[in-house]
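File shown here: model.cif, holding mmCIF, C-alpha atoms.
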```cif
data_work
loop_
_atom_site.label_atom_id
_atom_site.label_comp_id
_atom_site.auth_asym_id
_atom_site.auth_seq_id
_atom_site.Cartn_x
_atom_site.Cartn_y
_atom_site.Cartn_z
CA MET A 230 -67.26 133.80 33.15
CA GLU A 231 -68.54 132.88 36.60
CA LEU A 232 -71.95 132.43 38.21
CA THR A 233 -72.71 131.94 41.89
CA PHE A 234 -76.25 131.23 43.02
CA PRO A 235 -78.26 129.83 45.97
CA SER A 236 -79.15 126.14 46.25
CA ASP A 237 -82.50 126.35 44.51
CA PHE A 238 -83.66 124.79 41.24
CA LYS A 239 -85.26 128.08 40.24
CA TYR A 240 -81.82 129.41 39.26
CA LEU A 241 -81.22 126.66 36.69
CA GLY A 242 -82.88 128.77 34.00
CA ALA A 243 -80.23 131.45 34.44
CA VAL A 244 -77.49 128.83 34.11
CA ASP A 245 -79.10 127.53 30.92
CA ALA A 246 -79.31 131.05 29.47
CA ALA A 247 -75.67 131.77 30.33
CA ILE A 248 -74.25 128.64 28.71
CA GLN A 249 -76.48 129.05 25.65
CA ASP A 250 -75.29 132.63 25.11
CA LEU A 251 -71.64 131.80 25.67
CA ALA A 252 -71.64 128.73 23.44
CA ARG A 253 -73.36 130.68 20.65
CA GLU A 254 -70.75 133.41 20.99
CA PHE A 255 -68.08 130.80 20.28
CA ALA A 256 -69.95 129.41 17.26
CA PHE A 257 -71.02 126.12 18.83
CA SER A 258 -73.66 124.23 16.86
CA GLN A 259 -77.15 124.15 18.38
CA SER A 260 -76.77 120.42 18.93
CA SER A 261 -73.56 120.90 20.94
CA ILE A 262 -75.16 123.76 22.87
CA ASN A 263 -78.12 121.57 23.81
CA ASP A 264 -75.81 118.76 24.89
CA LEU A 265 -73.64 120.94 27.07
CA SER A 266 -76.61 122.73 28.55
CA ALA A 267 -78.33 119.45 29.48
CA ALA A 268 -75.14 118.18 31.15
CA LEU A 269 -74.54 121.46 32.97
CA ILE A 270 -78.12 121.67 34.24
CA GLU A 271 -77.73 118.13 35.53
CA ALA A 272 -74.44 118.91 37.29
CA CYS A 273 -75.97 122.01 38.89
CA SER A 274 -79.08 120.04 39.91
CA ASN A 275 -76.84 117.49 41.62
CA ALA A 276 -74.85 120.24 43.33
CA ILE A 277 -78.08 121.80 44.65
CA GLU A 278 -79.78 118.56 45.69
CA HIS A 279 -77.05 116.07 46.61
CA GLY A 280 -74.15 118.43 47.35
CA ASN A 281 -75.71 121.36 49.16
CA LYS A 282 -78.92 119.48 50.05
CA PHE A 283 -80.99 122.58 49.23
CA SER A 284 -79.32 124.48 52.10
CA LYS A 285 -80.10 128.18 51.85
CA ARG A 286 -76.73 128.99 53.37
CA LYS A 287 -74.79 127.15 50.66
CA ARG A 288 -74.01 128.33 47.15
CA VAL A 289 -73.27 126.69 43.81
CA ARG A 290 -70.49 128.23 41.73
CA VAL A 291 -70.16 127.68 37.99
CA VAL A 292 -67.00 128.66 36.12
CA LEU A 293 -67.23 128.63 32.34
CA GLY A 294 -64.21 128.72 30.06
CA PHE A 295 -63.44 128.46 26.34
CA ASN A 296 -60.31 127.04 24.80
CA GLY A 297 -59.90 126.47 21.06
CA GLY A 298 -63.24 124.85 20.25
CA SER A 299 -63.96 123.36 23.64
CA LEU A 300 -66.12 124.78 26.37
CA SER A 301 -65.59 123.73 29.94
CA ALA A 302 -67.89 124.19 32.89
CA ARG A 303 -66.72 123.57 36.44
CA VAL A 304 -69.51 123.23 38.99
CA TYR A 305 -68.59 123.62 42.66
CA ASP A 306 -70.86 122.76 45.55
CA GLN A 307 -70.28 123.17 49.29
CA GLY A 308 -71.31 119.69 50.35
CA GLY A 309 -69.52 116.72 51.83
CA GLY A 310 -68.81 114.97 48.52
CA PHE A 311 -69.82 111.44 47.56
CA ASP A 312 -68.15 108.29 46.34
CA TYR A 313 -68.21 109.17 42.68
CA ASN A 314 -65.85 106.31 41.77
CA LYS A 315 -68.48 103.86 43.01
CA ILE A 316 -71.15 105.52 40.92
CA LEU A 317 -68.88 105.76 37.86
CA ALA A 318 -68.12 102.04 38.19
CA ARG A 319 -71.79 101.13 38.17
CA SER A 320 -72.26 99.17 34.98
CA LEU A 321 -76.02 98.65 34.96
CA PRO A 322 -78.48 101.40 34.13
CA PRO A 323 -81.30 101.98 36.63
CA GLU A 324 -84.47 99.94 36.38
CA PRO A 325 -86.79 101.48 33.75
CA ILE A 326 -89.31 102.67 36.35
CA SER A 327 -86.75 103.79 38.92
CA GLU A 328 -87.28 107.49 39.58
CA ARG A 329 -83.58 108.14 40.31
CA GLY A 330 -80.12 107.35 39.02
CA ARG A 331 -79.98 108.98 35.58
CA GLY A 332 -78.01 112.15 36.31
CA LEU A 333 -74.63 110.63 35.61
CA MET A 334 -75.93 109.01 32.41
CA ILE A 335 -76.98 112.44 31.16
CA MET A 336 -73.66 114.08 32.04
CA GLN A 337 -71.63 111.27 30.47
CA ALA A 338 -73.72 111.09 27.31
CA PHE A 339 -73.61 114.78 26.53
CA THR A 340 -69.97 115.64 27.26
CA ASP A 341 -66.59 114.67 25.85
CA GLU A 342 -64.93 114.74 29.23
CA LEU A 343 -66.29 114.47 32.75
CA ASN A 344 -64.12 114.82 35.86
CA PHE A 345 -64.93 114.76 39.56
CA THR A 346 -62.63 116.25 42.19
CA TYR A 347 -63.38 116.42 45.90
CA LEU A 348 -61.86 119.48 47.49
CA ALA A 349 -61.41 118.71 51.20
CA LYS A 350 -63.72 120.74 53.43
CA LYS A 351 -64.84 122.78 50.43
CA GLY A 352 -67.04 120.46 48.40
CA LEU A 353 -67.19 118.67 45.09
CA CYS A 354 -66.07 120.04 41.73
CA VAL A 355 -67.56 118.50 38.60
CA GLU A 356 -65.87 119.48 35.36
CA LEU A 357 -67.72 119.07 32.06
CA VAL A 358 -65.99 119.55 28.73
CA LYS A 359 -67.70 119.75 25.34
CA VAL A 360 -65.80 119.96 22.05
CA ASP A 361 -67.44 121.41 18.94
CA LYS A 362 -65.74 120.85 15.58
CA ASP A 363 -67.19 123.93 13.90
CA SER A 364 -66.16 126.13 16.79
CA ALA A 365 -62.66 124.60 16.79
CA LYS A 366 -62.23 125.34 13.07
CA LYS A 367 -63.29 128.92 13.57
CA ALA A 368 -61.02 129.29 16.57
CA GLU A 369 -58.09 128.02 14.48
CA GLY A 370 -58.95 130.55 11.82
CA GLY A 371 -59.17 133.31 14.41
CA GLU A 372 -62.86 133.91 13.73
CA ALA A 373 -64.09 133.10 17.20
CA GLY A 374 -62.77 133.43 20.73
CA MET B 63 -94.27 124.54 36.64
CA LYS B 64 -97.88 125.22 35.78
CA ILE B 65 -100.20 122.30 34.94
CA THR B 66 -103.54 122.71 33.18
CA GLN B 67 -105.93 119.78 32.71
CA ARG B 68 -108.20 119.20 29.72
CA GLU B 69 -110.54 116.27 29.16
CA VAL B 70 -110.50 115.16 25.54
CA GLY B 71 -112.59 112.09 24.75
CA ASN B 72 -111.56 109.31 27.08
CA ALA B 73 -108.24 110.94 27.97
CA VAL B 74 -106.95 113.78 30.09
CA VAL B 75 -104.35 116.08 28.55
CA LEU B 76 -101.99 117.74 31.00
CA ASP B 77 -100.55 120.91 29.51
CA LEU B 78 -97.28 121.63 31.28
CA ASN B 79 -95.72 125.06 31.19
CA GLY B 80 -92.24 125.82 32.51
CA LYS B 81 -89.21 123.76 33.43
CA LEU B 82 -89.57 120.26 34.81
CA THR B 83 -86.86 120.19 37.47
CA GLY B 84 -88.19 118.65 40.65
CA GLY B 85 -88.45 120.49 43.96
CA PRO B 86 -92.00 121.87 44.37
CA ASP B 87 -92.92 120.46 40.93
CA ALA B 88 -92.78 116.94 42.34
CA GLU B 89 -95.48 117.65 44.93
CA THR B 90 -97.68 119.46 42.41
CA PHE B 91 -97.41 116.56 40.00
CA ARG B 92 -98.15 114.01 42.73
CA GLU B 93 -101.30 115.87 43.75
CA VAL B 94 -102.47 116.07 40.14
CA PHE B 95 -101.99 112.35 39.62
CA LYS B 96 -103.65 111.48 42.91
CA SER B 97 -106.65 113.55 41.87
CA LEU B 98 -106.74 111.90 38.42
CA ILE B 99 -106.64 108.42 39.91
CA ASP B 100 -109.29 109.34 42.50
CA ARG B 101 -111.51 110.40 39.59
CA ASP B 102 -110.70 107.17 37.74
CA LYS B 103 -108.92 109.02 34.92
CA LYS B 104 -106.51 106.48 33.52
CA ASN B 105 -105.56 107.69 30.06
CA ILE B 106 -103.12 110.55 30.36
CA VAL B 107 -101.35 112.62 27.72
CA VAL B 108 -98.58 114.87 29.02
CA ASN B 109 -98.11 117.84 26.69
CA LEU B 110 -94.49 119.00 26.83
CA GLU B 111 -94.82 121.70 24.16
CA LYS B 112 -94.14 124.49 26.66
CA VAL B 113 -91.52 122.66 28.69
CA SER B 114 -88.19 124.11 27.68
CA TRP B 115 -86.05 121.50 29.41
CA ILE B 116 -85.99 118.75 31.97
CA ASN B 117 -83.40 117.33 34.37
CA SER B 118 -83.11 113.86 35.89
CA THR B 119 -85.30 114.86 38.83
CA GLY B 120 -87.94 116.01 36.34
CA LEU B 121 -87.66 112.63 34.60
CA GLY B 122 -88.31 111.04 38.00
CA ILE B 123 -91.51 113.07 38.31
CA LEU B 124 -92.72 111.84 34.92
CA ILE B 125 -91.85 108.25 35.84
CA SER B 126 -93.74 108.62 39.11
CA GLY B 127 -96.83 109.73 37.17
CA TYR B 128 -96.39 106.89 34.71
CA THR B 129 -96.12 104.34 37.52
CA SER B 130 -99.22 105.68 39.31
CA VAL B 131 -101.33 105.52 36.16
CA ARG B 132 -100.07 102.10 35.10
CA ARG B 133 -100.75 100.74 38.57
CA GLY B 134 -104.36 101.84 38.10
CA GLY B 135 -104.59 100.02 34.78
CA GLY B 136 -104.07 103.06 32.56
CA ASP B 137 -101.30 104.53 30.50
CA LEU B 138 -99.36 107.76 30.16
CA VAL B 139 -97.96 109.05 26.88
CA ILE B 140 -96.17 112.27 26.01
CA MET B 141 -96.51 114.66 23.11
CA HIS B 142 -94.72 117.67 21.61
CA ALA B 143 -91.39 116.87 23.28
CA SER B 144 -88.64 119.19 22.01
CA ASP B 145 -85.44 117.84 20.46
CA ARG B 146 -83.68 118.63 23.74
CA ILE B 147 -86.12 116.54 25.74
CA GLU B 148 -86.21 113.74 23.16
CA SER B 149 -82.42 113.43 23.29
CA ILE B 150 -82.50 113.22 27.10
CA LEU B 151 -85.17 110.51 26.90
CA TYR B 152 -82.98 108.68 24.37
CA VAL B 153 -79.73 108.70 26.36
CA THR B 154 -81.56 107.61 29.51
CA LYS B 155 -83.41 104.92 27.52
CA LEU B 156 -86.72 106.34 28.71
CA ASN B 157 -87.80 106.53 25.08
CA LEU B 158 -88.48 102.82 25.61
CA LEU B 159 -90.86 103.61 28.47
CA PHE B 160 -92.70 106.69 27.23
CA LYS B 161 -94.55 106.59 23.94
CA SER B 162 -93.90 109.97 22.37
CA TYR B 163 -96.19 111.61 19.79
CA GLU B 164 -95.77 114.64 17.59
CA SER B 165 -99.43 115.65 17.59
CA GLU B 166 -102.35 115.59 19.99
CA GLU B 167 -104.40 113.60 17.53
CA SER B 168 -101.84 110.81 17.35
CA ALA B 169 -101.34 110.87 21.13
CA LEU B 170 -105.07 110.49 21.70
CA SER B 171 -105.20 107.67 19.19
CA ALA B 172 -103.10 105.67 21.66
CA PHE B 173 -106.30 105.50 23.70
CA GLY B 174 -108.58 104.75 20.82
CA GLU B 175 -109.67 108.39 20.32
CA LYS B 176 -109.34 110.37 17.12
#
```

Conversion result in structure tokens:
Amino acid sequence: MELTFPSDFKYLGAVDAAIQDLAREFAFSQSSINDLSAALIEACSNAIEHGNKFSKRKRVRVVLGFNGGSLSARVYDQGGGFDYNKILARSLPPEPISERGRGLMIMQAFTDELNFTYLAKKGLCVELVKVDKDSAKKAEGGEAG
Amino acid sequence: MKITQREVGNAVVLDLNGKLTGGPDAETFREVFKSLIDRDKKNIVVNLEKVSWINSTGLGILISGYTSVRRGGGDLVIMHASDRIESILYVTKLNLLFKSYESEESALSAFGEK
């Protein structure tokens, strides 16, 4: 399943609806759905704001996939990338009243796997993976997927 | 994001409706808080009952409001946050910053109103 949309926050609702529907289809628990949705919305927000810098000419692409109890979402922007290793290495949380710097916390907290890949001259790809035990059991039993 | 204001006792309740995601919402929120501070309204309850979700930029908007009000000697609390929003506040440790209430009555009691 794939979604491509302009660099505008107003499309985040459609992304939320898509991941909710897909995760429900694969018997994810509501808690796992909420987690994955929060992380995906955050990744898309970053792609729109920091990757594409709200450029109307640039698009965000989301590719969703299911594999035996785990859902993955790859979010592609068309920006210049950023030093994600530096941000990942940051050990201290932001100051309590800082208005920025919580996106990565949200993505890390709500996923089982988080990968960043910079694709030269194309943009950044953020991959989020969420595993759901109930969904995995059903997938093993052939009841879902 | 639509924001409606209600004065209840010595507090102002802001009923938010929509998704708190930043962009134009940030400017709307800033204008609302500037107006509140200009009118010396310091006790603010943000009603999140009709906010389906929030991202980190939306959290920044809430923090901005909180900072403005606190700077003026007031306080900002939230009420009716969904499980989704509560879990985001928890993982970002903002549950330590925002007092969160399940009812309007208890939120208003933070300001000495019943």

Restricting to all atoms listed in the file, whichever of A:Cys273, A:Ile316, A:Ala338, A:Val244 is closest to chain B is A:Ala338

Have a look at B:Leu98, B:Ala143, B:Leu158, B:Ala73 and name the one nearest to chain A; count only C-alpha atoms.
B:Leu158

Could you produce a table of the residues of chain B lying within 9 Å of chain A, with the nearest pair of atoms per residue and their separation in Å rounded to one decimal, using all atoms listed in the file, ordered by chain and increasing residue number, as a tab-separated table?
```
residue	atom	partner	partner_atom	distance
B:Lys81	CA	A:Gly242	CA	8.1
B:Thr83	CA	A:Phe238	CA	6.8
B:Gly84	CA	A:Phe238	CA	7.7
B:Gly85	CA	A:Phe238	CA	7.0
B:Trp115	CA	A:Ala267	CA	8.0
B:Ile116	CA	A:Ala267	CA	8.1
B:Asn117	CA	A:Glu271	CA	5.8
B:Ser118	CA	A:Gly332	CA	5.4
B:Thr119	CA	A:Arg329	CA	7.1
B:Leu121	CA	A:Glu328	CA	7.2
B:Gly122	CA	A:Glu328	CA	4.0
B:Ile123	CA	A:Glu328	CA	7.1
B:Leu124	CA	A:Glu328	CA	8.4
B:Ile125	CA	A:Glu328	CA	6.0
B:Ser126	CA	A:Glu328	CA	6.6
B:Tyr128	CA	A:Ile326	CA	8.4
B:Thr129	CA	A:Ile326	CA	7.1
B:Asp145	CA	A:Asn263	CA	8.9
B:Arg146	CA	A:Asn263	CA	6.3
B:Ser149	CA	A:Asp264	CA	8.6
B:Ile150	CA	A:Ile335	CA	6.9
B:Val153	CA	A:Ala338	CA	6.5
B:Thr154	CA	A:Arg331	CA	6.4
B:Lys155	CA	A:Pro325	CA	7.9
B:Leu156	CA	A:Pro325	CA	7.0
B:Leu158	CA	A:Pro325	CA	8.4
B:Leu159	CA	A:Pro325	CA	7.0
```

Resolved residues for the PyMOL selection byres ((chain A and resi 297-310) around 6) as a count of residues only:
26

The PyMOL selection byres ((chain B and resi 174) around 12) resolved against shown file, as a ChimeraX atom specification:
/B:70-73,105,167-173,175-176

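Taking atom CA of B:Asp100 and atom CA of B:Ser162 as endpoints, the distance between them is 25.3 Å.
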
So how many Å separate atom CA of B:Ile99 and atom CA of B:Glu164, to one decimal?
25.6 Å

On this file, the PyMOL selection byres ((chain B and resi 77) around 7) gives some set of residues; write that set as a count of residues only.
10

Atomic separation - atom CA of B:Met63 relative to atom CA of A:Thr233, Å:
23.4 Å

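The shortest atom-to-atom distance to B:Gly134, with only C-alpha atoms taken into account, belongs to B:Asp102 out of B:Asp102, B:Asn157, B:Ser165, B:Val107.
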
So for stretch 269-272 of chain A, what box centre and size do we get, axis-aligned, 5 Å extra on each of the six sides, every listed atom, Å to one decimal, as lines of an AutoDock Vina configuration file?
```
center_x = -76.3
center_y = 119.9
center_z = 35.1
size_x = 13.7
size_y = 13.5
size_z = 14.3
```

Taking all atoms listed in the file into account, which of B:Lys96, B:Arg68, B:Lys104, B:Lys112 comes nearest B:Val139?
B:Lys104
